[in-house]
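Peer 1: Got input-v2.txt for you, compact mmCIF, C-alpha atoms:
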```txt
# COMPACT_ATOMS: atom_id res chain seq x y z
CA MET A 1 85.14 10.37 156.10
CA ASN A 2 81.79 11.66 154.83
CA ILE A 3 79.20 10.95 157.47
CA MET A 4 76.38 12.64 155.58
CA PRO A 5 75.19 11.12 152.33
CA ASN A 6 75.98 13.28 149.30
CA SER A 7 72.34 14.11 148.61
CA VAL A 8 71.97 15.68 152.07
CA ARG A 9 75.19 17.62 151.73
CA GLN A 10 74.08 18.88 148.33
CA ARG A 11 70.77 20.05 149.80
CA ILE A 12 72.46 21.85 152.69
CA ARG A 13 74.84 23.58 150.34
CA SER A 14 72.08 24.64 147.97
CA ILE A 15 70.21 26.27 150.87
CA MET A 16 73.37 27.85 152.27
CA PHE A 17 74.31 29.39 148.92
CA LYS A 18 71.05 31.33 148.87
CA LEU A 19 71.88 33.26 152.05
CA PRO A 20 72.90 36.93 151.74
CA LEU A 21 76.46 37.48 150.44
CA MET A 22 76.63 33.85 149.39
CA ILE A 23 77.11 32.67 145.86
CA THR A 24 76.65 29.28 144.24
CA CYS A 25 79.52 27.25 142.83
CA ALA A 26 78.28 28.15 139.34
CA GLU A 27 78.55 31.84 140.21
CA PHE A 28 81.93 31.28 141.85
CA GLU A 29 83.11 29.71 138.61
CA GLU A 30 82.36 32.92 136.68
CA PHE A 31 84.64 34.97 138.94
CA ILE A 32 87.73 32.77 138.91
CA THR A 33 89.65 34.59 136.16
CA ALA A 34 88.93 38.00 137.64
CA TYR A 35 89.93 36.72 141.09
CA LEU A 36 93.23 35.35 139.80
CA ASP A 37 94.14 38.52 137.92
CA GLY A 38 93.18 40.66 140.91
CA SER A 39 90.39 42.57 139.20
CA LEU A 40 87.54 41.87 141.66
CA SER A 41 86.34 44.74 143.84
CA ASN A 42 86.99 44.35 147.57
CA LYS A 43 83.41 43.33 148.17
CA GLN A 44 83.41 40.81 145.33
CA ARG A 45 86.68 39.39 146.57
CA ARG A 46 85.31 38.94 150.10
CA ILE A 47 82.26 37.13 148.74
CA PHE A 48 84.46 34.96 146.53
CA GLU A 49 86.81 34.10 149.39
CA PHE A 50 83.91 33.38 151.72
CA HIS A 51 82.56 30.84 149.27
CA LEU A 52 86.04 29.39 149.03
CA ALA A 53 86.18 29.06 152.81
CA VAL A 54 82.87 27.20 153.10
CA CYS A 55 82.95 25.06 149.96
CA ARG A 56 85.46 22.26 149.84
CA GLU A 57 84.52 21.31 146.29
CA CYS A 58 85.41 24.76 145.00
CA ARG A 59 88.57 24.86 147.11
CA ASP A 60 89.75 21.60 145.56
CA TYR A 61 88.62 22.74 142.15
CA LEU A 62 90.50 26.04 142.32
CA ALA A 63 93.65 24.30 143.57
CA ALA A 64 93.47 21.85 140.65
CA TYR A 65 92.75 24.68 138.20
CA ARG A 66 95.84 26.56 139.36
CA THR A 67 98.00 23.46 139.30
CA ALA A 68 96.88 22.79 135.72
CA MET A 69 98.03 26.32 134.84
CA THR A 70 101.39 25.76 136.53
CA VAL A 71 101.93 22.39 134.87
CA THR A 72 101.06 23.86 131.47
CA GLY A 73 103.45 26.76 131.97
CA ASP A 74 106.25 24.47 133.10
CA VAL A 75 105.83 22.04 130.23
CA LEU A 76 105.76 24.81 127.63
CA ASN A 77 108.82 26.44 129.20
CA THR A 78 110.67 23.17 128.91
CA GLN A 79 109.58 22.90 125.29
CA THR A 80 110.94 26.42 124.69
CA ALA A 81 114.25 25.52 126.32
CA ASP A 82 114.48 22.42 124.10
CA THR A 83 113.78 24.50 121.00
CA LEU A 84 116.39 27.10 121.99
CA ALA A 85 118.98 24.41 122.65
CA ASP A 86 118.50 22.86 119.24
CA VAL A 87 117.93 25.56 116.63
CA PRO A 88 117.64 23.89 113.21
CA GLU A 89 120.59 24.92 111.04
CA ASP A 90 118.68 24.37 107.82
CA LEU A 91 116.11 26.92 108.97
CA VAL A 92 118.86 29.46 109.73
CA SER A 93 120.25 28.90 106.22
CA ALA A 94 116.80 29.16 104.64
CA VAL A 95 116.10 32.48 106.38
CA LEU A 96 119.49 33.87 105.37
CA ALA A 97 119.08 32.68 101.77
CA ALA A 98 115.64 34.27 101.58
CA ARG A 99 117.11 37.50 102.94
CA ALA A 100 119.92 37.49 100.40
CA SER A 101 117.50 37.05 97.50
CA GLN A 102 115.18 39.71 98.95
CA ASP A 103 118.15 42.07 98.98
CA ARG A 104 118.97 41.49 95.35
CA LYS A 105 115.48 42.52 94.28
CA MET S 1 120.53 57.38 116.23
CA ASN S 2 119.18 56.44 119.59
CA LEU S 3 119.23 52.71 120.11
CA PRO S 4 116.44 51.08 122.08
CA GLU S 5 117.35 48.43 124.62
CA SER S 6 116.29 45.85 122.07
CA THR S 7 119.74 45.81 120.51
CA ASP S 8 120.71 43.36 123.24
CA LEU S 9 119.08 40.81 120.94
CA VAL S 10 122.40 40.62 119.18
CA SER S 11 124.04 40.03 122.50
CA GLY S 12 127.72 39.36 122.94
CA THR S 13 128.54 41.01 119.65
CA GLU S 14 129.34 44.48 118.52
CA GLN S 15 125.97 46.16 118.50
CA LYS S 16 124.61 47.40 115.21
CA PRO S 17 121.77 49.81 114.71
CA HIS S 18 118.90 47.55 113.69
CA THR S 19 118.39 49.49 110.47
CA LEU S 20 121.72 48.09 109.30
CA ILE S 21 120.78 44.50 110.06
CA GLY S 22 120.05 42.88 106.77
CA LYS S 23 122.56 44.99 104.87
CA ASP S 24 125.56 43.60 106.68
CA LYS S 25 125.91 39.85 106.23
CA VAL S 26 127.60 39.11 109.54
CA ALA S 27 125.14 41.24 111.50
CA THR S 28 122.25 39.60 109.68
CA GLU S 29 123.40 36.13 110.59
CA GLN S 30 123.94 37.12 114.21
CA PHE S 31 120.52 38.70 114.30
CA VAL S 32 118.88 35.61 112.82
CA ARG S 33 120.68 33.27 115.22
CA ALA S 34 119.84 35.43 118.22
CA ASN S 35 116.13 35.42 117.43
CA LEU S 36 115.26 32.30 115.50
CA GLY S 37 115.00 30.02 118.55
CA TRP S 38 112.49 32.00 120.55
CA MET S 39 110.49 32.81 117.42
CA LEU S 40 110.29 29.12 116.56
CA ALA S 41 109.17 28.33 120.11
CA VAL S 42 106.38 30.92 119.88
CA ALA S 43 105.27 29.59 116.49
CA LYS S 44 105.26 25.98 117.75
CA ARG S 45 103.06 26.86 120.70
CA ILE S 46 100.48 28.38 118.39
CA VAL S 47 100.50 26.15 115.30
CA VAL S 48 101.73 22.97 117.09
CA ASP S 49 103.01 21.33 113.90
CA GLY S 50 106.81 21.68 113.73
CA SER S 51 107.19 22.11 109.98
CA ILE S 52 104.37 24.65 109.79
CA ALA S 53 106.07 26.48 112.65
CA GLU S 54 109.27 26.63 110.57
CA ASP S 55 107.32 28.14 107.65
CA VAL S 56 105.84 30.67 110.06
CA VAL S 57 109.30 31.69 111.25
CA GLN S 58 110.53 32.11 107.66
CA ASP S 59 107.56 34.31 106.81
CA ALA S 60 107.97 36.25 110.04
CA PHE S 61 111.64 36.96 109.29
CA SER S 62 110.82 38.09 105.79
CA ASN S 63 108.21 40.41 107.29
CA VAL S 64 110.72 41.68 109.87
CA PHE S 65 113.37 42.41 107.23
CA LYS S 66 110.84 44.12 104.99
CA ASN S 67 109.72 46.45 107.76
CA LEU S 68 112.93 46.92 109.68
CA GLU S 69 113.69 50.23 107.99
CA ALA S 70 110.28 51.53 108.97
CA PHE S 71 110.61 50.30 112.54
CA ARG S 72 111.02 53.46 114.56
CA GLY S 73 112.00 52.08 117.91
CA ASP S 74 108.91 53.34 119.70
CA ALA S 75 108.42 49.82 121.01
CA ALA S 76 111.15 47.37 121.92
CA LEU S 77 112.36 45.51 118.86
CA LYS S 78 111.64 42.17 120.47
CA THR S 79 108.07 43.15 121.32
CA TRP S 80 107.53 44.23 117.74
CA MET S 81 109.00 40.95 116.39
CA HIS S 82 106.96 38.95 118.86
CA ARG S 83 103.77 40.46 117.48
CA ILE S 84 104.87 39.71 113.95
CA VAL S 85 105.52 36.04 114.66
CA VAL S 86 102.28 35.68 116.64
CA ASN S 87 100.25 37.24 113.82
CA GLN S 88 101.98 35.09 111.23
CA ALA S 89 101.27 31.98 113.31
CA LEU S 90 97.61 32.92 113.74
CA MET S 91 97.30 33.31 109.97
CA ALA S 92 98.87 29.90 109.41
CA LEU S 93 96.56 28.37 112.00
CA ARG S 94 93.47 29.72 110.25
CA LYS S 95 94.51 27.86 107.11
CA GLN S 96 94.87 24.56 108.96
CA ARG S 97 91.99 22.25 109.62
CA ARG S 98 92.39 20.43 112.76
CA ARG S 99 92.92 17.06 114.03
CA ASN S 100 91.97 15.71 117.38
CA GLU S 101 90.26 18.52 119.18
CA GLN S 102 87.55 17.73 121.67
CA PRO S 103 84.35 19.83 121.94
CA ILE S 104 84.79 22.36 124.74
CA ASP S 105 81.36 21.58 126.24
CA ASP S 106 82.56 18.09 127.20
CA LEU S 107 85.42 19.62 129.15
CA LEU S 108 83.69 22.28 131.24
CA PRO S 109 82.74 21.86 134.91
CA GLU S 110 79.21 20.77 135.71
CA PHE S 111 76.71 22.05 138.25
CA ASP S 112 73.40 20.71 139.51
CA ASP S 113 70.13 22.66 139.33
CA ALA S 114 70.97 24.52 142.55
CA GLY S 115 74.31 25.66 141.12
CA CYS S 116 76.36 23.23 143.23
CA ARG S 117 79.52 21.84 141.70
CA ILE S 118 79.37 18.21 140.66
CA ASP S 119 82.93 17.44 139.80
CA GLU S 120 84.97 14.37 140.44
CA PRO S 121 87.88 15.25 142.75
CA SER S 122 91.15 15.73 140.93
CA MET S 123 94.58 14.60 142.08
CA LEU S 124 95.82 17.94 140.77
CA SER S 125 94.37 19.71 143.80
CA HIS S 126 96.70 17.73 146.09
CA LEU S 127 99.70 18.23 143.86
CA ALA S 128 99.36 21.95 144.45
CA GLN S 129 100.87 21.46 147.89
CA THR S 130 103.73 19.32 146.68
CA PRO S 131 105.53 21.24 143.96
CA GLU S 132 108.26 18.60 143.71
CA ALA S 133 105.62 16.20 142.41
CA LEU S 134 105.29 18.55 139.45
CA LEU S 135 108.77 17.82 138.18
CA LEU S 136 107.63 15.85 135.22
CA SER S 137 109.26 13.03 133.31
CA SER S 138 109.65 13.52 129.60
CA ASP S 139 106.84 11.00 128.94
CA ARG S 140 104.54 12.92 131.21
CA ARG S 141 105.47 16.17 129.49
CA GLN S 142 104.58 14.67 126.11
CA GLN S 143 101.20 13.63 127.56
CA VAL S 144 100.61 17.16 128.83
CA LEU S 145 101.45 18.60 125.40
CA ALA S 146 99.07 16.11 123.77
CA SER S 147 96.34 17.17 126.22
CA ILE S 148 96.85 20.85 125.45
CA ASP S 149 96.55 19.94 121.79
CA ARG S 150 93.08 18.52 122.38
CA LEU S 151 91.70 21.93 123.29
CA PRO S 152 89.77 23.47 120.41
CA ASP S 153 92.05 25.99 118.63
CA SER S 154 89.88 28.99 119.38
CA TYR S 155 90.34 28.31 123.10
CA ARG S 156 93.88 26.98 123.03
CA VAL S 157 95.15 30.06 121.21
CA VAL S 158 93.63 32.43 123.77
CA LEU S 159 95.24 30.43 126.57
CA MET S 160 98.63 30.55 124.83
CA LEU S 161 98.46 34.26 124.08
CA ARG S 162 97.29 35.26 127.56
CA ASP S 163 99.01 32.78 129.88
CA ILE S 164 102.16 31.92 127.96
CA GLU S 165 102.88 34.83 125.61
CA GLU S 166 101.64 37.17 128.35
CA LEU S 167 99.74 39.46 126.01
CA SER S 168 97.02 41.64 127.52
CA THR S 169 93.31 40.94 127.07
CA SER S 170 93.00 43.89 124.70
CA GLU S 171 96.02 42.81 122.63
CA VAL S 172 94.59 39.30 122.30
CA ALA S 173 91.20 40.74 121.35
CA GLU S 174 92.83 42.84 118.66
CA MET S 175 94.88 39.96 117.24
CA THR S 176 92.09 37.40 117.22
CA GLY S 177 89.14 39.64 116.36
CA LEU S 178 87.30 38.52 119.51
CA THR S 179 85.73 40.96 121.95
CA GLU S 180 87.57 41.47 125.24
CA ALA S 181 84.68 39.83 127.11
CA ASN S 182 84.96 36.84 124.83
CA VAL S 183 88.73 36.61 125.38
CA LYS S 184 88.13 36.44 129.14
CA VAL S 185 85.46 33.76 128.82
CA ARG S 186 87.61 31.70 126.47
CA LEU S 187 90.64 31.98 128.71
CA HIS S 188 88.67 30.70 131.67
CA ARG S 189 87.08 27.87 129.70
CA ALA S 190 90.42 26.86 128.22
CA ARG S 191 91.97 26.65 131.69
CA ALA S 192 88.97 24.76 133.08
CA ALA S 193 89.04 22.34 130.15
CA LEU S 194 92.76 21.83 130.57
CA LYS S 195 92.29 21.06 134.24
CA LYS S 196 89.86 18.31 133.19
CA LEU S 197 92.16 17.01 130.45
CA LEU S 198 95.22 16.94 132.71
CA SER S 199 93.53 15.37 135.74
CA PRO S 200 93.57 11.77 134.48
CA LEU S 201 97.32 12.03 133.82
CA PHE S 202 97.93 12.57 137.50
CA GLU S 203 95.66 9.89 138.93
CA GLY S 204 97.62 7.58 141.15
CA THR S 205 100.53 9.99 141.46
CA ALA S 206 102.24 9.35 144.77
CA LEU S 207 102.01 12.24 147.16
```
Output the file's structure as structure tokens, nothing else.
Peer 2:
Amino acid sequence: MNIMPNSVRQRIRSIMFKLPLMITCAEFEEFITAYLDGSLSNKQRRIFEFHLAVCRECRDYLAAYRTAMTVTGDVLNTQTADTLADVPEDLVSAVLAARASQDRK
Amino acid sequence: MNLPESTDLVSGTEQKPHTLIGKDKVATEQFVRANLGWMLAVAKRIVVDGSIAEDVVQDAFSNVFKNLEAFRGDAALKTWMHRIVVNQALMALRKQRRRNEQPIDDLLPEFDDAGCRIDEPSMLSHLAQTPEALLLSSDRRQQVLASIDRLPDSYRVVLMLRDIEELSTSEVAEMTGLTEANVKVRLHRARAALKKLLSPLFEGTAL
């Protein structure tokens, strides 16, 4: 699939990223959070998306980054559902007992 | 008295002004049952350990009852209680010394001298296009939880508060004592580290 050896590809990319309006992958990395929460300026967003269009590594990276966020959210949501479905009775009693004794004070 | 929408916390029952909760036994029990589950879930996400999370919930309820009279309804009751349980959990976490966390530097992406990414490709990037592959078995979910647990606390907590509890950057800064800039950096690093921790779990996943 890759005709060019990696070292050549790396060198081409490192030259390309120095062109005007281009950023390196390291710079791209710094903008990911702002890009995802929509707080980049229009110009910054265009530069970010241009890098995304030309750099497969960052495209794959960002896709994996977002999937990791989705997976994390899903797993924690399931954990919440499990907790809600099985509220410990002894904890309910303990909270109520503590409240009753607080009241008597 | 004007009731905020938060009284729906005692849903399906005759609604009581929240200032009465705690004086009336039945209302108190309904209130506790309506809120204990989500509060426990929040506490678990932050402190991880189940029995510490239960202590957090007890302390949070005692705090809620103590301040209920003073609660003026200028914020939704649930929002106010959410902050209480988060703060209580953060306090409990500070007292804990932790277990199996991995240094964050080992988990961040790497770049060569020219700033080019040198990252092994992750199966996660392909899974993005196949959401059904994300329906996880219970084993896999346990592995994901264990991976989250390997994030250093100071990063994991920011990720939980921002991405899961959906607090704003400034709220998280206020609760953790970090600067807003630092919250943003930590959020990004936590997500990046998690991407690295989760990737091996999905190697060999059929597409």
Peer 1: Taking only C-alpha atoms into account, what are the residues of chain A at most 6 Å from chain S, put as a PyMOL selection string?
Peer 2: chain A and resi 14+24-26+60+63-65+67-68+75+80+84+87+95
Peer 1: Could you take the residues named above and write them with C-alpha atoms, as a CSV table (one decimal), in the frame of the given file?
Peer 2:
```csv
chain,number,residue,atom,x,y,z
A,14,SER,CA,72.1,24.6,148.0
A,24,THR,CA,76.6,29.3,144.2
A,25,CYS,CA,79.5,27.2,142.8
A,26,ALA,CA,78.3,28.2,139.3
A,60,ASP,CA,89.8,21.6,145.6
A,63,ALA,CA,93.6,24.3,143.6
A,64,ALA,CA,93.5,21.8,140.6
A,65,TYR,CA,92.8,24.7,138.2
A,67,THR,CA,98.0,23.5,139.3
A,68,ALA,CA,96.9,22.8,135.7
A,75,VAL,CA,105.8,22.0,130.2
A,80,THR,CA,110.9,26.4,124.7
A,84,LEU,CA,116.4,27.1,122.0
A,87,VAL,CA,117.9,25.6,116.6
A,95,VAL,CA,116.1,32.5,106.4
```
Peer 1: Residues near Phe28 (chain A), anyone? I mean within 9 Å using all atoms listed in the file, not counting same-chain ones fewer than 2 positions away, as a list in words.
Peer 2: Ile23, Thr24, Cys25, Ala26, Glu30, Phe31, Ile32, Phe48, His51, Leu52 and Cys58 of chain A
Peer 1: Could the residues in this selection be saved with C-alpha atoms as a CSV table (one decimal), in the coordinates of the input?
Peer 2:
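Dumped everything to out.csv:
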```
chain,number,residue,atom,x,y,z
A,23,ILE,CA,77.1,32.7,145.9
A,24,THR,CA,76.6,29.3,144.2
A,25,CYS,CA,79.5,27.2,142.8
A,26,ALA,CA,78.3,28.2,139.3
A,30,GLU,CA,82.4,32.9,136.7
A,31,PHE,CA,84.6,35.0,138.9
A,32,ILE,CA,87.7,32.8,138.9
A,48,PHE,CA,84.5,35.0,146.5
A,51,HIS,CA,82.6,30.8,149.3
A,52,LEU,CA,86.0,29.4,149.0
A,58,CYS,CA,85.4,24.8,145.0
```
Peer 1: Between CA of Asp153 (chain S) and CA of Glu101 (chain S), measure the distance and give it in Å to one decimal.
Peer 2: 7.7 Å
Peer 1: With a distance cut-off of 6 Å and only C-alpha atoms, select the neighbouring residues of region 82-94 of chain S, excluding the residue or stretch itself and same-chain residues fewer than 2 positions from it, and output the selection as a list of chain:residue names.
Peer 2: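 So, after excluding close chain neighbours, the residues are S:Ala43, S:Val47, S:Val56, S:Ala60, S:Lys78, S:Thr79, S:Trp80, S:Gln96.
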Peer 1: Could you check the closest approach to Leu77 (chain S) for each of S:Arg150, S:Val158, S:Val64, S:Val26 and tell me which residue wins, using only C-alpha atoms?
Peer 2: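 Closest to Leu77 (chain S) of all the choices is S:Val64.
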Peer 1: Figure out the distance between CA of Glu166 (chain S) and CA of Asp139 (chain S), please, to one decimal in Å.
Peer 2: 26.7 Å
Peer 1: Could you work out how far CA of Arg46 (chain A) lies from CA of Ile15 (chain A), giving the answer in Å with one decimal?
Peer 2: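 About the pair CA of Ile15 (chain A) and CA of Arg46 (chain A): they are 19.7 Å apart.
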Peer 1: Grab all the atoms of region 148-158 of chain S that the file lists, wrap them in a box along x, y and z, add 5 Å per side, and give me centre plus edge lengths in Å (one decimal) as lines of an AutoDock Vina configuration file.
Peer 2:
```
center_x = 93.3
center_y = 25.5
center_z = 122.0
size_x = 17.1
size_y = 23.9
size_z = 16.8
```
